[in-house]
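Asks: Input file: target_10.txt. Contents: compact mmCIF, C-alpha atoms and all ligand atoms.
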# COMPACT_ATOMS: atom_id res chain seq x y z
CA MET A 186 2.48 23.61 -0.40
CA ILE A 187 -0.60 21.91 -1.91
CA ILE A 188 -0.62 18.23 -1.00
CA LEU A 189 -2.97 15.56 -2.26
CA VAL A 190 -3.44 12.60 0.10
CA LEU A 191 -4.74 9.39 -1.48
CA ASN A 192 -6.06 6.41 0.46
CA SER A 193 -6.80 3.53 -1.90
CA GLY A 194 -8.93 0.64 -0.68
CA SER A 195 -10.03 -2.41 -2.64
CA SER A 196 -13.15 -0.68 -3.97
CA SER A 197 -12.63 3.02 -3.23
CA ILE A 198 -10.16 5.89 -3.25
CA LYS A 199 -10.54 8.55 -0.56
CA TYR A 200 -8.73 11.84 -1.05
CA GLN A 201 -7.98 15.03 0.86
CA LEU A 202 -6.30 18.13 -0.48
CA PHE A 203 -4.23 20.09 2.05
CA ASP A 204 -2.63 23.50 2.02
CA ILE A 205 0.36 23.04 4.33
CA ASP A 206 3.40 24.99 5.42
CA ARG A 207 5.34 25.51 8.66
CA LYS A 208 2.45 27.38 10.27
CA LYS A 209 -0.71 26.18 8.56
CA GLU A 210 -2.52 22.89 8.00
CA LYS A 211 -5.72 23.47 6.06
CA VAL A 212 -7.99 20.97 4.30
CA ILE A 213 -9.17 22.64 1.07
CA ASP A 214 -11.06 19.73 -0.46
CA LYS A 215 -11.95 16.14 0.26
CA GLY A 216 -14.03 13.33 -1.17
CA LYS A 217 -14.29 9.73 -2.21
CA VAL A 218 -14.80 7.73 -5.36
CA ASP A 219 -16.26 4.35 -4.52
CA ARG A 220 -17.76 1.31 -6.21
CA ILE A 221 -14.54 0.67 -8.10
CA GLY A 222 -14.86 -2.57 -10.04
CA ASP A 223 -18.59 -1.94 -10.30
CA ILE A 224 -19.69 1.53 -11.50
CA VAL A 225 -16.15 2.90 -11.88
CA PRO A 226 -14.14 0.27 -13.81
CA THR A 227 -10.64 0.68 -12.34
CA HIS A 228 -8.47 2.55 -9.83
CA LYS A 229 -6.90 4.36 -12.80
CA LYS A 230 -10.28 5.73 -13.81
CA ALA A 231 -11.12 6.64 -10.18
CA LEU A 232 -7.90 8.65 -9.92
CA LYS A 233 -8.71 10.47 -13.18
CA ILE A 234 -12.11 11.43 -11.71
CA ILE A 235 -10.43 12.79 -8.56
CA LEU A 236 -7.77 14.74 -10.47
CA GLY A 237 -10.52 16.15 -12.73
CA LYS A 238 -12.15 17.71 -9.66
CA ILE A 239 -8.95 19.50 -8.56
CA SER A 240 -8.12 22.73 -10.33
CA THR A 241 -5.15 23.84 -8.18
CA LYS A 242 -1.58 22.85 -8.95
CA ILE A 243 -0.54 19.87 -6.83
CA ASP A 244 2.95 20.17 -5.30
CA ALA A 245 3.22 16.67 -3.82
CA VAL A 246 1.17 13.50 -3.33
CA GLY A 247 1.04 11.31 -0.21
CA HIS A 248 -0.12 7.72 -0.57
CA ARG A 249 -1.31 5.42 2.18
CA VAL A 250 0.33 2.01 1.74
CA VAL A 251 -0.89 -0.78 4.01
CA HIS A 252 2.12 -3.10 4.06
CA GLY A 253 5.75 -1.99 3.98
CA GLY A 254 7.08 -5.20 5.55
CA ALA A 255 10.13 -4.85 7.78
CA LYS A 256 11.90 -2.82 5.09
CA PHE A 257 10.17 0.53 5.57
CA THR A 258 10.57 2.01 9.02
CA GLU A 259 9.40 5.47 7.96
CA SER A 260 7.71 7.27 5.09
CA VAL A 261 9.73 7.49 1.85
CA LEU A 262 9.88 9.28 -1.47
CA ILE A 263 8.58 6.84 -4.08
CA ASP A 264 10.91 5.65 -6.84
CA SER A 265 11.10 2.45 -8.88
CA LYS A 266 12.88 0.60 -6.05
CA VAL A 267 10.12 1.49 -3.58
CA ILE A 268 7.46 0.34 -6.06
CA LYS A 269 9.26 -2.97 -6.51
CA ALA A 270 9.47 -3.52 -2.76
CA VAL A 271 5.78 -2.71 -2.25
CA GLU A 272 5.00 -5.17 -5.05
CA GLU A 273 6.94 -7.84 -3.15
CA PHE A 274 4.90 -7.17 0.01
CA SER A 275 1.66 -7.64 -1.97
CA GLU A 276 1.92 -11.31 -1.15
CA LEU A 277 1.59 -10.40 2.54
CA ALA A 278 -1.30 -7.98 1.91
CA PRO A 279 -3.06 -9.28 -1.20
CA LEU A 280 -6.23 -7.27 -0.59
CA HIS A 281 -4.57 -4.00 0.31
CA ASN A 282 -1.28 -3.37 -1.47
CA PRO A 283 -2.35 -3.97 -5.11
CA PRO A 284 -4.99 -1.17 -5.22
CA GLY A 285 -2.51 1.21 -3.56
CA LEU A 286 0.11 0.28 -6.15
CA MET A 287 -2.26 0.84 -9.05
CA THR A 288 -3.02 4.33 -7.76
CA ILE A 289 0.67 5.11 -7.16
CA LYS A 290 1.71 4.04 -10.66
CA GLU A 291 -1.06 6.01 -12.31
CA ALA A 292 -0.41 9.11 -10.19
CA MET A 293 3.30 8.92 -11.08
CA ARG A 294 2.38 8.71 -14.76
CA ILE A 295 -0.14 11.56 -14.78
CA LEU A 296 1.66 13.86 -12.35
CA LYS A 297 5.16 13.37 -13.75
CA GLY A 298 7.83 15.18 -11.75
CA VAL A 299 5.56 15.77 -8.74
CA PRO A 300 7.14 14.20 -5.62
CA GLN A 301 5.12 11.25 -4.33
CA VAL A 302 5.52 9.83 -0.85
CA ALA A 303 4.51 6.44 0.58
CA VAL A 304 3.27 6.35 4.19
CA PHE A 305 3.05 2.80 5.54
CA ASP A 306 0.58 1.41 8.12
CA THR A 307 3.34 -0.91 9.31
CA ALA A 308 6.28 1.53 9.54
CA PHE A 309 5.81 2.92 13.07
CA HIS A 310 5.79 -0.60 14.52
CA GLN A 311 9.16 -1.63 13.09
CA THR A 312 11.04 -0.66 16.26
CA MET A 313 9.59 -3.71 18.05
CA PRO A 314 12.29 -5.97 19.46
CA GLU A 315 12.74 -9.43 17.97
CA TYR A 316 11.25 -11.10 21.04
CA ALA A 317 8.04 -9.12 20.55
CA TYR A 318 7.63 -9.56 16.80
CA LEU A 319 8.56 -13.24 16.46
CA TYR A 320 6.07 -16.07 16.86
CA ALA A 321 7.33 -19.20 18.58
CA ILE A 322 7.06 -21.37 15.48
CA PRO A 323 10.04 -22.89 13.63
CA TYR A 324 12.47 -20.04 12.98
CA ARG A 325 12.95 -21.14 9.36
CA LEU A 326 9.37 -20.05 8.57
CA TYR A 327 10.32 -16.53 9.55
CA LEU A 328 13.47 -16.70 7.42
CA ARG A 329 11.72 -18.26 4.42
CA TYR A 330 8.42 -16.44 4.37
CA GLY A 331 8.74 -13.44 6.67
CA ILE A 332 6.14 -14.83 9.08
CA ARG A 333 6.28 -12.44 12.04
CA ARG A 334 4.26 -9.68 13.69
CA TYR A 335 4.20 -6.52 11.54
CA GLY A 336 1.40 -4.53 13.17
CA PHE A 337 -1.01 -2.14 11.42
CA HIS A 338 -2.80 1.20 12.04
CA GLY A 339 0.73 2.61 12.60
CA THR A 340 -0.09 6.00 11.08
CA SER A 341 -2.98 6.44 13.50
CA HIS A 342 -0.98 5.31 16.55
CA ARG A 343 1.88 7.67 15.60
CA PHE A 344 -0.48 10.60 15.01
CA VAL A 345 -2.23 10.33 18.39
CA ALA A 346 1.08 9.68 20.17
CA GLN A 347 2.60 12.85 18.69
CA GLU A 348 -0.49 14.86 19.61
CA ALA A 349 -0.32 13.44 23.15
CA ALA A 350 3.32 14.49 23.46
CA LYS A 351 2.34 18.04 22.46
CA LEU A 352 -0.59 18.08 24.92
CA LEU A 353 1.54 16.76 27.77
CA LYS A 354 4.43 19.07 26.82
CA LYS A 355 6.93 16.22 26.61
CA SER A 356 9.42 15.39 23.89
CA PHE A 357 8.39 12.45 21.72
CA GLY A 358 11.56 10.58 22.66
CA SER A 359 10.72 10.73 26.36
CA ILE A 360 7.05 9.80 26.33
CA SER A 361 5.59 6.37 27.16
CA LEU A 362 2.04 5.65 26.08
CA ILE A 363 -0.52 2.97 25.43
CA THR A 364 -2.52 3.95 22.36
CA CYS A 365 -5.87 2.23 21.76
CA HIS A 366 -7.25 2.56 18.24
CA LEU A 367 -10.81 1.28 18.59
CA GLY A 368 -12.82 1.54 15.37
CA ASN A 369 -14.22 -1.15 13.15
CA GLY A 370 -10.69 -2.52 13.18
CA CYS A 371 -9.08 -2.35 16.62
CA SER A 372 -5.46 -2.41 17.72
CA ILE A 373 -3.44 -1.35 20.73
CA THR A 374 0.19 -0.29 20.87
CA ALA A 375 2.77 0.01 23.65
CA ILE A 376 5.12 2.96 23.12
CA LYS A 377 8.17 3.31 25.36
CA LYS A 378 10.19 6.51 25.09
CA GLY A 379 8.69 7.31 21.67
CA LYS A 380 9.28 3.85 20.22
CA VAL A 381 6.81 1.03 19.63
CA VAL A 382 7.73 -1.98 21.75
CA ASP A 383 4.65 -4.08 21.03
CA THR A 384 1.35 -3.99 19.17
CA SER A 385 -1.67 -6.27 19.07
CA MET A 386 -2.17 -6.81 15.32
CA GLY A 387 0.23 -9.36 13.91
CA PHE A 388 1.14 -10.99 10.62
CA THR A 389 -2.27 -9.75 9.44
CA PRO A 390 -4.83 -7.39 11.03
CA LEU A 391 -6.76 -10.40 12.38
CA GLU A 392 -4.80 -10.83 15.61
CA GLY A 393 -5.32 -9.11 18.94
CA LEU A 394 -8.41 -7.25 20.11
CA VAL A 395 -12.01 -8.19 19.41
CA MET A 396 -13.18 -6.05 16.47
CA GLY A 397 -16.43 -5.26 14.65
CA THR A 398 -16.36 -8.49 12.64
CA ARG A 399 -12.87 -9.92 13.38
CA SER A 400 -12.25 -12.43 16.14
CA GLY A 401 -8.86 -11.17 17.32
CA ASP A 402 -6.84 -13.78 19.28
CA ILE A 403 -8.01 -17.38 19.15
CA ASP A 404 -6.36 -20.76 19.63
CA PRO A 405 -5.05 -21.64 16.12
CA ALA A 406 -6.12 -25.27 16.61
CA ILE A 407 -9.73 -24.05 16.32
CA ILE A 408 -9.21 -23.46 12.59
CA PRO A 409 -8.75 -27.08 11.41
CA TYR A 410 -11.44 -28.13 13.91
CA ILE A 411 -13.99 -25.76 12.32
CA MET A 412 -12.84 -26.89 8.86
CA GLU A 413 -13.60 -30.48 9.73
CA LYS A 414 -16.84 -29.93 11.64
CA GLU A 415 -18.38 -27.42 9.23
CA GLY A 416 -16.85 -28.79 6.02
CA LEU A 417 -15.15 -25.50 5.21
CA LYS A 418 -11.94 -24.71 3.33
CA ALA A 419 -9.13 -22.70 4.92
CA ASP A 420 -10.04 -19.48 3.11
CA GLU A 421 -13.68 -19.90 4.14
CA VAL A 422 -12.70 -20.17 7.82
CA LEU A 423 -10.52 -17.11 7.37
CA GLU A 424 -13.52 -15.28 5.93
CA LEU A 425 -15.58 -16.41 8.96
CA LEU A 426 -12.91 -15.08 11.35
CA ASN A 427 -12.59 -11.79 9.45
CA LYS A 428 -16.19 -11.03 8.52
CA GLU A 429 -18.57 -12.98 10.75
CA SER A 430 -16.86 -12.87 14.14
CA GLY A 431 -16.05 -10.22 16.73
CA LEU A 432 -18.91 -8.07 18.06
CA LEU A 433 -21.17 -9.26 15.23
CA GLY A 434 -20.38 -12.93 15.77
CA ILE A 435 -21.05 -12.91 19.50
CA SER A 436 -24.08 -10.61 19.54
CA GLY A 437 -25.69 -11.95 16.37
CA ILE A 438 -27.07 -8.41 16.09
CA SER A 439 -24.52 -5.93 14.83
CA ASN A 440 -20.84 -5.04 14.45
CA ASP A 441 -21.66 -1.50 15.51
CA VAL A 442 -21.08 -0.61 19.17
CA ARG A 443 -23.86 1.96 19.03
CA ASP A 444 -26.48 -0.76 18.35
CA LEU A 445 -25.06 -2.99 21.10
CA ILE A 446 -25.01 -0.24 23.72
CA ARG A 447 -28.61 0.62 22.90
CA LYS A 448 -29.62 -3.02 23.43
CA LYS A 449 -27.27 -4.01 26.23
CA ASN A 450 -29.86 -3.91 29.04
CA LYS A 451 -32.45 -5.99 27.20
CA ASN A 452 -30.31 -8.34 25.15
CA SER A 453 -27.85 -10.58 26.96
CA ARG A 454 -25.79 -11.39 23.85
CA ALA A 455 -25.36 -7.69 23.05
CA ARG A 456 -24.08 -7.22 26.62
CA LEU A 457 -21.85 -10.29 26.35
CA ALA A 458 -20.26 -9.01 23.11
CA LEU A 459 -19.46 -5.70 24.83
CA ASN A 460 -18.09 -7.51 27.89
CA ILE A 461 -15.76 -9.64 25.77
CA PHE A 462 -14.63 -6.57 23.82
CA VAL A 463 -13.88 -4.57 26.98
CA TYR A 464 -12.20 -7.51 28.73
CA ARG A 465 -9.76 -8.08 25.84
CA VAL A 466 -8.73 -4.40 25.78
CA LYS A 467 -8.23 -4.46 29.57
CA LYS A 468 -6.08 -7.56 29.29
CA TYR A 469 -3.83 -5.98 26.67
CA ILE A 470 -3.53 -2.68 28.55
CA SER A 471 -2.48 -4.55 31.71
CA ALA A 472 0.10 -6.56 29.78
CA TYR A 473 1.49 -3.42 28.17
CA ILE A 474 1.71 -1.64 31.52
CA GLY A 475 3.78 -4.61 32.65
CA ILE A 476 6.08 -4.21 29.65
CA ILE A 477 6.50 -0.43 29.66
CA GLY A 478 6.57 0.21 33.39
CA LYS A 479 5.67 3.84 33.91
CA VAL A 480 2.99 4.96 31.48
CA ASP A 481 2.43 8.70 30.96
CA ALA A 482 -1.01 8.27 29.41
CA ILE A 483 -3.48 5.88 27.85
CA ILE A 484 -4.90 7.27 24.62
CA PHE A 485 -8.25 6.38 23.09
CA THR A 486 -8.96 7.01 19.42
CA GLY A 487 -11.04 5.64 16.48
CA GLY A 488 -14.85 5.68 16.18
CA ILE A 489 -15.38 3.78 19.46
CA GLY A 490 -12.42 5.25 21.34
CA GLU A 491 -13.48 8.81 20.49
CA ASN A 492 -17.25 8.55 20.82
CA GLN A 493 -18.15 5.88 23.36
CA PRO A 494 -17.57 7.08 26.95
CA TRP A 495 -19.32 3.95 28.30
CA VAL A 496 -16.71 1.70 26.66
CA ARG A 497 -13.82 3.87 27.89
CA GLU A 498 -15.19 3.83 31.44
CA GLU A 499 -15.65 0.07 31.46
CA ILE A 500 -12.10 -0.43 30.15
CA CYS A 501 -10.47 1.92 32.66
CA ARG A 502 -12.45 0.82 35.73
CA ASP A 503 -10.13 -0.66 38.40
CA LEU A 504 -7.35 -0.74 35.86
CA ILE A 505 -4.94 2.02 36.62
CA ASP A 506 -3.82 4.27 39.41
CA SER A 507 -5.19 7.79 39.45
CA LYS A 508 -1.89 9.27 38.27
CA THR A 509 -2.07 7.80 34.76
CA LYS A 510 -3.77 10.23 32.41
CA ILE A 511 -6.52 9.06 30.09
CA LEU A 512 -6.76 11.11 26.90
CA VAL A 513 -9.21 11.01 24.01
CA ILE A 514 -7.50 12.18 20.83
CA PRO A 515 -9.33 12.08 17.48
CA THR A 516 -7.14 10.34 14.94
CA ASN A 517 -6.30 11.94 11.61
CA GLU A 518 -4.33 9.60 9.38
CA GLU A 519 -4.73 11.87 6.34
CA LEU A 520 -3.11 14.77 8.20
CA MET A 521 -0.24 12.53 9.32
CA ILE A 522 0.30 11.48 5.67
CA ALA A 523 0.15 15.13 4.57
CA ARG A 524 2.69 16.16 7.25
CA ASP A 525 5.15 13.42 6.20
CA THR A 526 4.67 14.29 2.52
CA TYR A 527 5.28 17.96 3.27
CA LEU A 528 8.49 17.28 5.22
CA ILE A 529 9.92 14.86 2.64
CA SER A 530 9.06 17.14 -0.32
CA ARG A 531 10.50 20.19 1.44
CA ARG A 532 13.75 18.33 2.10
CA LEU A 533 13.86 17.35 -1.57
CA THR A 534 13.31 20.94 -2.73
CA GLU A 535 16.02 22.23 -0.38
CA ARG A 536 18.47 19.59 -1.62
CA LYS A 537 17.75 20.54 -5.25
CA ARG A 538 18.21 24.23 -4.44
CA ARG A 539 21.59 23.58 -2.78
CA LYS A 540 22.77 21.60 -5.80
CA SER A 541 21.87 24.27 -8.38
P1 LIG B 1 -13.37 2.42 10.72
O1 LIG B 1 -12.41 1.60 11.53
O2 LIG B 1 -14.07 1.64 9.65
O3 LIG B 1 -12.83 3.74 10.27
P2 LIG B 1 -14.74 3.84 12.84
O4 LIG B 1 -13.45 4.32 13.36
O5 LIG B 1 -15.76 4.83 12.41
O6 LIG B 1 -14.58 2.75 11.70
O7 LIG B 1 -15.39 2.93 13.99
C1 LIG B 1 -16.63 2.31 13.89
C2 LIG B 1 -17.18 2.07 15.30
O8 LIG B 1 -17.16 3.31 16.01
C3 LIG B 1 -18.58 1.54 15.36
O9 LIG B 1 -18.63 0.49 16.30
C4 LIG B 1 -19.42 2.71 15.88
O10 LIG B 1 -20.35 2.26 16.82
C5 LIG B 1 -18.42 3.60 16.56
N1 LIG B 1 -18.72 5.02 16.26
C6 LIG B 1 -18.32 5.70 15.17
N2 LIG B 1 -18.78 6.97 15.20
C7 LIG B 1 -19.50 7.10 16.32
C8 LIG B 1 -20.26 8.18 16.92
N3 LIG B 1 -20.33 9.39 16.36
N4 LIG B 1 -20.85 7.93 18.10
C9 LIG B 1 -20.77 6.73 18.67
N5 LIG B 1 -20.09 5.69 18.15
C10 LIG B 1 -19.47 5.86 17.00
Turn the structure described in the file into structure tokens.
Replies:
Amino acid sequence: MIILVLNSGSSSIKYQLFDIDRKKEKVIDKGKVDRIGDIVPTHKKALKIILGKISTKIDAVGHRVVHGGAKFTESVLIDSKVIKAVEEFSELAPLHNPPGLMTIKEAMRILKGVPQVAVFDTAFHQTMPEYAYLYAIPYRLYLRYGIRRYGFHGTSHRFVAQEAAKLLKKSFGSISLITCHLGNGCSITAIKKGKVVDTSMGFTPLEGLVMGTRSGDIDPAIIPYIMEKEGLKADEVLELLNKESGLLGISGISNDVRDLIRKKNKNSRARLALNIFVYRVKKYISAYIGIIGKVDAIIFTGGIGENQPWVREEICRDLIDSKTKILVIPTNEELMIARDTYLISRRLTERKRRKS
């Protein structure tokens, strides 16, 4: 089955073309159209450029969708009801869902009759218990506006968790893991017997770990204080917490761990940024060990998790007993999307065959 995976960001669409069946998973093409809104006028046009490059017949399309709210607990075949629901969640993810939706609608129009599947960043986390996903603010705000923890990076956490289960020769339903996705965005997830019980990103991807340019956890009272002292509006403080904080904000040098590691012995702020980053991950891992109890393995993934042994060592030092395994598993969100799309399309084909 030839599957096109589309990952639409605010100014780019990344794509990968897979040839997949029960025994094979092969990437046959990949690429990116960027500078949408600048050189390329719209997502529609970007998709046309991508489809123009592909000469093979496409059997199914898998779309990455950032926010599926609490409604989508797994990947789904896209129909008008799914589109409407994703539109509703655009309010919760104003930067991310609209470009995804534009691409979905256009792909449905151009590739009429080709099954299209939505794979949500939030879906894997929807097994969290109420006491883990609710904030202790007036309950009516949750009822009225859906203010709660949703979690993100779910496709990546699920991919590495499934690969870990294969490596450790355990069934997914019996494995307990702590998965650390450390890239530019960072999040950590506690998985007990194959189900997410907690994750560090919250209502938005701003909460939790220290990231390249995001602050992660802070005291919320800091926000009005900064507004008053610096004369900033709420959205400007949010921009500061999303784009000027984290590793970049502390070091004043870079959001890239590579630069900070190179300078850590000469520059005290570079070292401090790394120390804060490592400390926060350690704190979360310890909390999650407390929640899960027996952990089969701690998994590192993402640009930092996969490529920075110094960071992994610092995080794991004095943290765990020697029986807990530490695994580095490269993430592959596109492959996870392709696998889901393959399974859902195959089920659809089989159902159609049975009917006829
Ligand atoms: P994104 O979350 O945007 O996909 P990445 O997962 O690539 O980003 O993570 C970016 C971070 O990973 C940077 O801090 C960078 O230092 C680190 N990183 C990425 N690739 C490498 C590499 N090959 N070697 C060392 N560090 C890397």
Asks: Which polymer residues have any atom within 9 Å of an atom of stretch 432-441 of chain A, counting all atoms listed in the file, with same-chain residues fewer than 4 positions away left out, as number ranges by chain?
Replies: A: 369, 395-400, 426, 428, 445-446, 452-459, 461-462
Asks: Do you know which residues are within 6 Å of ligand LIG 1 (chain B) using all atoms listed in the file? Can you write them as a PDB file with C-alpha atoms, keeping the file's coordinate frame?
Replies:
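So part10.pdb came out as:
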ATOM      1  CA  GLY A 368     -12.820   1.540  15.370  1.00  0.00           C
ATOM      2  CA  ASN A 369     -14.220  -1.150  13.150  1.00  0.00           C
ATOM      3  CA  GLY A 370     -10.690  -2.520  13.180  1.00  0.00           C
ATOM      4  CA  ASP A 441     -21.660  -1.500  15.510  1.00  0.00           C
ATOM      5  CA  VAL A 442     -21.080  -0.610  19.170  1.00  0.00           C
ATOM      6  CA  ARG A 443     -23.860   1.960  19.030  1.00  0.00           C
ATOM      7  CA  GLY A 487     -11.040   5.640  16.480  1.00  0.00           C
ATOM      8  CA  GLY A 488     -14.850   5.680  16.180  1.00  0.00           C
ATOM      9  CA  ILE A 489     -15.380   3.780  19.460  1.00  0.00           C
ATOM     10  CA  ASN A 492     -17.250   8.550  20.820  1.00  0.00           C
ATOM     11  CA  GLN A 493     -18.150   5.880  23.360  1.00  0.00           C
TER      12      GLN A 493
END
Asks: Write out as a list in words which residues come within 9 Å of A:Ile239 when counting all atoms listed in the file, dropping same-chain ones fewer than 3 positions away.
Replies: Leu202, Asp214, Ile235, Leu236, Lys242 and Ile243 of chain A
Asks: May I have the residues at most 6 Å from (1.6, 5.7, -4.4) in the file's coordinates, counting all atoms listed in the file, as a PDB file with C-alpha atoms, in the coordinates of the input?
Replies:
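Ended up saving to part_38.pdb:
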ATOM      1  CA  HIS A 248      -0.120   7.720  -0.570  1.00  0.00           C
ATOM      2  CA  LEU A 286       0.110   0.280  -6.150  1.00  0.00           C
ATOM      3  CA  THR A 288      -3.020   4.330  -7.760  1.00  0.00           C
ATOM      4  CA  ILE A 289       0.670   5.110  -7.160  1.00  0.00           C
ATOM      5  CA  ALA A 303       4.510   6.440   0.580  1.00  0.00           C
TER       6      ALA A 303
END
Asks: I'd like the interatomic distance between atom CA of A:Arg465 and atom CA of A:Arg497, to a tenth of an Å.
Replies: 12.8 Å
